[in-house]
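So the structure is just underneath, and the comments pick up after that.
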Amino acid sequence: KAGVAAVRGYLVALRDAARQRYDAGMSYKEAALDIALDVYDDWGDRERIVVNCATLYREFGMADNPEIAELFAGMAEYAKARS
């Protein structure tokens with residue numbers, strides 16, 4: 001149960017942070033780089049935040065549907081920026 005609660009906490013925090021950035025006009029890539037992961041920063045594969053932000057942005061109404069290659073490139077850029 002604790003693991004499920006932790007993942008839910010991450011997703012809720014990410015949704016709220018991404019929504020603020022979407023409303024402010026940031027791109028999903030900019031949002032991913034701007035969002036502080038705080039207690040979730042040591043989780044593996046943190047670059048997946050790029051795909052998570054893109055998914056949330058589509059739910060918020062973003063018209064673009066990034067191709068898989070663009071998402072993977074964004075994850076690589078994120079990983080490089082955070083290394």
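A note on labels: chains of the structure tokens are A, B, ... as shown, every chain counts residues from 1, and ligands are counted from 1 in their shown order.
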Skipping near chain neighbours, those fewer than 3 positions away, what residues fall within 12 Å of range 57-73 of chain A using only C-alpha atoms, listed as a PDB file with N, CA and C atoms, in the first residue's frame?
```
ATOM      1  N   LEU A  14       2.754  15.826  -9.806  1.00  0.00           N
ATOM      2  CA  LEU A  14       3.162  16.110 -11.179  1.00  0.00           C
ATOM      3  C   LEU A  14       2.019  16.736 -11.965  1.00  0.00           C
ATOM      4  N   ARG A  15       0.818  16.198 -11.811  1.00  0.00           N
ATOM      5  CA  ARG A  15      -0.343  16.769 -12.506  1.00  0.00           C
ATOM      6  C   ARG A  15      -0.539  18.236 -12.139  1.00  0.00           C
ATOM      7  N   ASP A  16      -0.476  18.524 -10.862  1.00  0.00           N
ATOM      8  CA  ASP A  16      -0.696  19.898 -10.406  1.00  0.00           C
ATOM      9  C   ASP A  16       0.401  20.834 -10.906  1.00  0.00           C
ATOM     10  N   ALA A  17       1.655  20.385 -10.833  1.00  0.00           N
ATOM     11  CA  ALA A  17       2.781  21.208 -11.289  1.00  0.00           C
ATOM     12  C   ALA A  17       2.732  21.402 -12.802  1.00  0.00           C
ATOM     13  N   ALA A  18       2.396  20.348 -13.531  1.00  0.00           N
ATOM     14  CA  ALA A  18       2.315  20.446 -14.992  1.00  0.00           C
ATOM     15  C   ALA A  18       1.173  21.371 -15.403  1.00  0.00           C
ATOM     16  N   ARG A  19       0.066  21.304 -14.701  1.00  0.00           N
ATOM     17  CA  ARG A  19      -1.075  22.163 -15.036  1.00  0.00           C
ATOM     18  C   ARG A  19      -0.715  23.639 -14.886  1.00  0.00           C
ATOM     19  N   GLN A  20       0.004  23.970 -13.826  1.00  0.00           N
ATOM     20  CA  GLN A  20       0.436  25.360 -13.629  1.00  0.00           C
ATOM     21  C   GLN A  20       1.295  25.821 -14.805  1.00  0.00           C
ATOM     22  N   ARG A  21       2.179  24.973 -15.257  1.00  0.00           N
ATOM     23  CA  ARG A  21       3.081  25.338 -16.343  1.00  0.00           C
ATOM     24  C   ARG A  21       2.358  25.365 -17.690  1.00  0.00           C
ATOM     25  N   TYR A  22       1.402  24.480 -17.870  1.00  0.00           N
ATOM     26  CA  TYR A  22       0.576  24.496 -19.080  1.00  0.00           C
ATOM     27  C   TYR A  22      -0.196  25.814 -19.160  1.00  0.00           C
ATOM     28  N   ASP A  23      -0.808  26.186 -18.051  1.00  0.00           N
ATOM     29  CA  ASP A  23      -1.575  27.433 -18.002  1.00  0.00           C
ATOM     30  C   ASP A  23      -0.686  28.654 -18.214  1.00  0.00           C
ATOM     31  N   GLY A  25       1.789  28.701 -20.266  1.00  0.00           N
ATOM     32  CA  GLY A  25       2.249  28.708 -21.651  1.00  0.00           C
ATOM     33  C   GLY A  25       3.567  28.005 -21.905  1.00  0.00           C
ATOM     34  N   MET A  26       4.060  27.253 -20.932  1.00  0.00           N
ATOM     35  CA  MET A  26       5.308  26.516 -21.129  1.00  0.00           C
ATOM     36  C   MET A  26       5.042  25.273 -21.969  1.00  0.00           C
ATOM     37  N   SER A  27       6.043  24.839 -22.728  1.00  0.00           N
ATOM     38  CA  SER A  27       5.939  23.578 -23.457  1.00  0.00           C
ATOM     39  C   SER A  27       6.080  22.423 -22.464  1.00  0.00           C
ATOM     40  N   TYR A  28       5.699  21.233 -22.900  1.00  0.00           N
ATOM     41  CA  TYR A  28       5.821  20.089 -21.996  1.00  0.00           C
ATOM     42  C   TYR A  28       7.281  19.797 -21.675  1.00  0.00           C
ATOM     43  N   LYS A  29       8.192  20.058 -22.621  1.00  0.00           N
ATOM     44  CA  LYS A  29       9.621  19.846 -22.353  1.00  0.00           C
ATOM     45  C   LYS A  29      10.134  20.866 -21.341  1.00  0.00           C
ATOM     46  N   GLU A  30       9.720  22.115 -21.507  1.00  0.00           N
ATOM     47  CA  GLU A  30      10.110  23.152 -20.544  1.00  0.00           C
ATOM     48  C   GLU A  30       9.565  22.821 -19.158  1.00  0.00           C
ATOM     49  N   ALA A  31       8.338  22.358 -19.115  1.00  0.00           N
ATOM     50  CA  ALA A  31       7.726  21.999 -17.837  1.00  0.00           C
ATOM     51  C   ALA A  31       8.497  20.873 -17.166  1.00  0.00           C
ATOM     52  N   ALA A  32       8.852  19.857 -17.934  1.00  0.00           N
ATOM     53  CA  ALA A  32       9.585  18.724 -17.365  1.00  0.00           C
ATOM     54  C   ALA A  32      10.894  19.177 -16.737  1.00  0.00           C
ATOM     55  N   GLU A  47      13.811  10.606 -16.063  1.00  0.00           N
ATOM     56  CA  GLU A  47      13.583  11.284 -17.343  1.00  0.00           C
ATOM     57  C   GLU A  47      12.205  10.974 -17.931  1.00  0.00           C
ATOM     58  N   ARG A  48      11.533  10.002 -17.381  1.00  0.00           N
ATOM     59  CA  ARG A  48      10.170   9.694 -17.848  1.00  0.00           C
ATOM     60  C   ARG A  48       9.203  10.838 -17.574  1.00  0.00           C
ATOM     61  N   ILE A  49       9.638  11.795 -16.781  1.00  0.00           N
ATOM     62  CA  ILE A  49       8.807  12.976 -16.524  1.00  0.00           C
ATOM     63  C   ILE A  49       8.450  13.674 -17.833  1.00  0.00           C
ATOM     64  N   VAL A  50       9.309  13.566 -18.834  1.00  0.00           N
ATOM     65  CA  VAL A  50       9.037  14.198 -20.135  1.00  0.00           C
ATOM     66  C   VAL A  50       7.787  13.577 -20.760  1.00  0.00           C
ATOM     67  N   VAL A  51       7.725  12.260 -20.785  1.00  0.00           N
ATOM     68  CA  VAL A  51       6.558  11.566 -21.346  1.00  0.00           C
ATOM     69  C   VAL A  51       5.328  11.832 -20.479  1.00  0.00           C
ATOM     70  N   ASN A  52       5.525  11.829 -19.170  1.00  0.00           N
ATOM     71  CA  ASN A  52       4.395  12.107 -18.275  1.00  0.00           C
ATOM     72  C   ASN A  52       3.839  13.503 -18.511  1.00  0.00           C
ATOM     73  N   CYS A  53       4.727  14.486 -18.682  1.00  0.00           N
ATOM     74  CA  CYS A  53       4.263  15.853 -18.949  1.00  0.00           C
ATOM     75  C   CYS A  53       3.553  15.936 -20.297  1.00  0.00           C
ATOM     76  N   ALA A  54       4.091  15.285 -21.314  1.00  0.00           N
ATOM     77  CA  ALA A  54       3.443  15.294 -22.629  1.00  0.00           C
ATOM     78  C   ALA A  54       2.047  14.675 -22.538  1.00  0.00           C
ATOM     79  N   ALA A  76      16.168  12.022 -23.445  1.00  0.00           N
ATOM     80  CA  ALA A  76      17.635  12.078 -23.505  1.00  0.00           C
ATOM     81  C   ALA A  76      18.135  13.472 -23.137  1.00  0.00           C
ATOM     82  N   GLU A  77      17.459  14.500 -23.640  1.00  0.00           N
ATOM     83  CA  GLU A  77      17.831  15.884 -23.300  1.00  0.00           C
ATOM     84  C   GLU A  77      17.676  16.127 -21.799  1.00  0.00           C
ATOM     85  N   TYR A  78      16.609  15.620 -21.241  1.00  0.00           N
ATOM     86  CA  TYR A  78      16.370  15.777 -19.807  1.00  0.00           C
ATOM     87  C   TYR A  78      17.477  15.089 -19.011  1.00  0.00           C
ATOM     88  N   ALA A  79      17.780  13.842 -19.374  1.00  0.00           N
ATOM     89  CA  ALA A  79      18.817  13.090 -18.658  1.00  0.00           C
ATOM     90  C   ALA A  79      20.158  13.805 -18.734  1.00  0.00           C
ATOM     91  N   LYS A  80      20.473  14.349 -19.899  1.00  0.00           N
ATOM     92  CA  LYS A  80      21.739  15.070 -20.064  1.00  0.00           C
ATOM     93  C   LYS A  80      21.755  16.335 -19.210  1.00  0.00           C
TER      94      LYS A  80
END
```
Do you know which residues are at most 10 Å from range 3-6 of chain A counting only C-alpha atoms, after dropping those on the same chain fewer than 6 positions away, and could you put them as a ChimeraX atom specification? /A:12,39-40
Mind writing the picked residues with C-alpha atoms as a PDB file, in the first residue's frame?
```pdb
ATOM      1  CA  VAL A  12      -0.914  14.077  -8.245  1.00  0.00           C
ATOM      2  CA  VAL A  39      11.361  13.535  -2.717  1.00  0.00           C
ATOM      3  CA  TYR A  40      10.904  11.635  -5.992  1.00  0.00           C
TER       4      TYR A  40
END
```
As number ranges by chain, list the residues of chain A assigned to helix (DSSP H, G or I) by DSSP on the backbone atoms of this structure. A: 2-23, 28-34, 38-40, 46-60, 68-82
Atomic distance CA of Ala2 in chain A - CA of Ser83 in chain A, expressed in Å with one decimal: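 Answer for the CA of Ala2 in chain A to CA of Ser83 in chain A separation: 28.7 Å.
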